[in-house]
Amino acid sequence: TRLYFAVLSDLADASNFRGCFLTGEHEEAPLTWQVHRFESGNEAIYVQPNSCSSDKRASLLCFPHGGPHSASFVAYNVLVELLARQNIAIVFVNFRGSTGRGQDYMDALPGKCGVVDVEDCVEAVNWCVESFNVDGNRVGVIGGSYGGFLSAHLTAQRPDLFKVAVMRNPVVNVASMVGGTEIPEWSYYESGSNKEFAPGSYPPPPTAEDLAKMLAISPITLVENVTAPTMLQVGEKDLRVPPQQSMEWMRALRRNGTTVRVLSYPESNHSIDNAPAFDDAAVQLVNFVLTYLGESKE
């Protein structure tokens with residue numbers, strides 16, 4: 001299946017452009033895509049640049065979504081196009097816990113964060129390496145929010161596989177985040193505490209048992225394993241995942257001697273989707289990935 005992107009005839013009318021449409025003039029986008037579902041129910045959406053071939057294998061980025069109870073789907077994405085034009089393939093992963101697959105599939109994740117979702121991401125990456133013209137020695141991971149949580153876990157649990165990471169406002173320590181986030185109930189639910197809170201109420205202070213469960217699922221407990229150069233993109237006005245989470249990961253990586261770069265956006269919140277921060281973050285991401293994955297040696 002081939003994707004196409006629009007050529008806008010009047011950029012003056014596109015200042016608030018947030019989607020894609022087709023005009024009378026369009027050119028073929030430099031990519032194709034394929035969807036695969038595994039026996040576990042895990043789903044991978046593989047996006048391959050057309051420049052990729054047996055003589056010029058592509059780098060691969062795993063791109064887990066945030067939430068975690070949301071889903072990736074096939075749609076135009078300017079970042080994916082930028083990466084495809086650099087011969088970088090993408091695999092989106094609808095790991096266990098994603099929406100759109102029924103309640104049981106969504107309920108498979110809480111209490112097992114950093115385990116079943118990590119397994120599903122690795123399964124998707126291995127499928128791409130085995131099935132397409134992808135260089136298994138040039139694999140990275142990018143993601144924001146919970147996607148950043150998974151990026152941290154993947155680089156910590158599989159440093160042999162993931163060679164670079166770019167993380168936007170990542171959750172790295174659920175236990176230290178619970179007291180500062182605007183959604184403290186998230187920390188309880190995803191860690192498997194099974195506590196119920198009345199709508200509009202504030203959760204009570206976490207118990208020692210609550211904090212132990214939150215810490216147990218957090219990638220910060222495995223940070224000493226990370227060797228992948230890492231970029232952290234931080235919205236200073238983020239109320240959902242406070243910037244201190246990124247600072248905690250940065251300090252730990254520097255203590256390890258691991259390359260880490262922090263980009264701070266003073267006027268951005270959780271999504272970093274305001275101009276010009278979004279544009280800068282996208283370009284910086286592509287450059288960072290190219291620096292550490294490089295071109296195929298074949």
# chains A, B, ... in the order shown; residues from 1 in each chain; ligands from 1
call {"tool": "closest_atom_pairs", "arguments": {"of": "region 84-176 of chain A", "to": "region 224-228 of chain A", "cutoff": "10 Å", "atoms": "only C-alpha atoms", "output": "CSV"}}
result
residue,atom,partner,partner_atom,distance
A:Gly140,CA,A:Ala228,CA,8.5
A:Val141,CA,A:Ala228,CA,9.8
A:Ala152,CA,A:Val226,CA,8.3
A:His153,CA,A:Val226,CA,9.0
A:Leu154,CA,A:Val226,CA,9.0
A:Thr155,CA,A:Val226,CA,5.6
A:Ala156,CA,A:Val226,CA,4.7
A:Gln157,CA,A:Asn225,CA,7.2
A:Arg158,CA,A:Val226,CA,8.4
A:Pro159,CA,A:Val226,CA,6.0
A:Asp160,CA,A:Thr227,CA,8.8
A:Leu161,CA,A:Ala228,CA,9.4
A:Phe162,CA,A:Ala228,CA,6.7
A:Lys163,CA,A:Ala228,CA,4.8
A:Val164,CA,A:Ala228,CA,4.7
A:Ala165,CA,A:Ala228,CA,6.6
A:Val166,CA,A:Ala228,CA,9.9
call {"tool": "write_last_selection", "arguments": {"atoms": "C-alpha atoms", "output": "compact mmCIF listing (two decimals), in the first residue's frame"}}
result
# COMPACT_ATOMS: atom_id res chain seq x y z
CA GLY A 140 16.76 2.52 17.78
CA VAL A 141 13.64 3.55 19.66
CA ALA A 152 13.79 3.69 28.53
CA HIS A 153 12.88 0.09 29.33
CA LEU A 154 13.94 -1.18 25.90
CA THR A 155 17.36 0.48 26.06
CA ALA A 156 17.81 -0.83 29.61
CA GLN A 157 16.60 -4.38 28.99
CA ARG A 158 18.03 -4.85 25.50
CA PRO A 159 21.16 -2.70 25.19
CA ASP A 160 22.43 -5.20 22.62
CA LEU A 161 19.54 -4.37 20.28
CA PHE A 162 18.68 -0.67 20.73
CA LYS A 163 21.56 1.63 19.79
CA VAL A 164 19.93 5.06 20.13
CA ALA A 165 16.87 6.56 21.85
CA VAL A 166 14.91 9.80 21.63
call {"tool": "residues_around", "arguments": {"residues": "Gln86 (chain A)", "least_positions_apart": "3", "cutoff": "12 Å", "atoms": "only C-alpha atoms", "output": "PyMOL selection string"}}
result
chain A and resi 30-31+48-52+56-60+79-83+89-90+283+286-287+289-291+293-296
call {"tool": "atom_distance", "arguments": {"atom1": "CA of Ser271 (chain A)", "atom2": "CA of Glu182 (chain A)"}}
result
14.6 Å
call {"tool": "atom_distance", "arguments": {"atom1": "CA of Ala216 (chain A)", "atom2": "CA of Met167 (chain A)"}}
result
20.6 Å
call {"tool": "closest_residue", "arguments": {"among": "A:Gly114, A:Lys237, A:Ser176, A:Cys62", "to": "Asn274 (chain A)", "atoms": "only C-alpha atoms"}}
result
A:Lys237
call {"tool": "closest_residue", "arguments": {"among": "A:Ser40, A:Asn126, A:Asn169, A:Thr259", "to": "Asn94 (chain A)", "atoms": "only C-alpha atoms"}}
result
A:Ser40
call {"tool": "select_by_dssp", "arguments": {"residues": "region 16-245 of chain A", "states": "strand (DSSP E)", "output": "VMD selection string"}}
result
chain A and resid 26 to 37 43 to 49 58 to 64 88 to 94 134 to 144 165 to 168 230 to 235
call {"tool": "atom_distance", "arguments": {"atom1": "CA of Arg255 (chain A)", "atom2": "CA of Gly67 (chain A)"}}
result
29.2 Å
call {"tool": "residues_around", "arguments": {"residues": "region 211-213 of chain A", "least_positions_apart": "4", "cutoff": "12 Å", "atoms": "only C-alpha atoms", "output": "list in words"}}
result
Pro110, Gly111, Lys112, Cys113, Asn173, Val174, Ala175, Ser176, Met177, Val178, Gly179, Ser187, Tyr188, Tyr189, Glu190, Ser191, Gly192, Ser193, Asn194, Pro205, Pro206, Thr207, Ile217, Ser218 and Thr221 of chain A
call {"tool": "write_last_selection", "arguments": {"atoms": "C-alpha atoms", "output": "short mmCIF file (atom, residue, chain, number, x, y, z; two decimals), in the first residue's frame"}}
result
data_model
loop_
_atom_site.label_atom_id
_atom_site.label_comp_id
_atom_site.auth_asym_id
_atom_site.auth_seq_id
_atom_site.Cartn_x
_atom_site.Cartn_y
_atom_site.Cartn_z
CA PRO A 110 -1.50 -2.96 34.31
CA GLY A 111 0.84 -4.50 36.86
CA LYS A 112 2.98 -5.90 34.02
CA CYS A 113 4.23 -2.64 32.55
CA ASN A 173 10.21 6.56 37.85
CA VAL A 174 6.52 6.03 38.60
CA ALA A 175 7.16 6.21 42.36
CA SER A 176 8.76 9.66 42.22
CA MET A 177 6.17 10.94 39.72
CA VAL A 178 3.02 10.09 41.69
CA GLY A 179 3.29 13.12 43.98
CA SER A 187 0.54 5.65 38.83
CA TYR A 188 -1.68 3.46 41.00
CA TYR A 189 -3.54 1.85 38.11
CA GLU A 190 -0.58 1.02 35.88
CA SER A 191 1.44 -0.38 38.77
CA GLY A 192 -1.38 -2.79 39.58
CA SER A 193 -2.45 -1.33 42.93
CA ASN A 194 -6.12 -1.94 42.06
CA PRO A 205 -0.74 9.45 49.95
CA PRO A 206 0.82 6.23 48.62
CA THR A 207 1.70 3.54 51.12
CA ILE A 217 7.71 -1.30 37.04
CA SER A 218 9.99 1.72 36.55
CA THR A 221 15.73 0.47 38.40
#
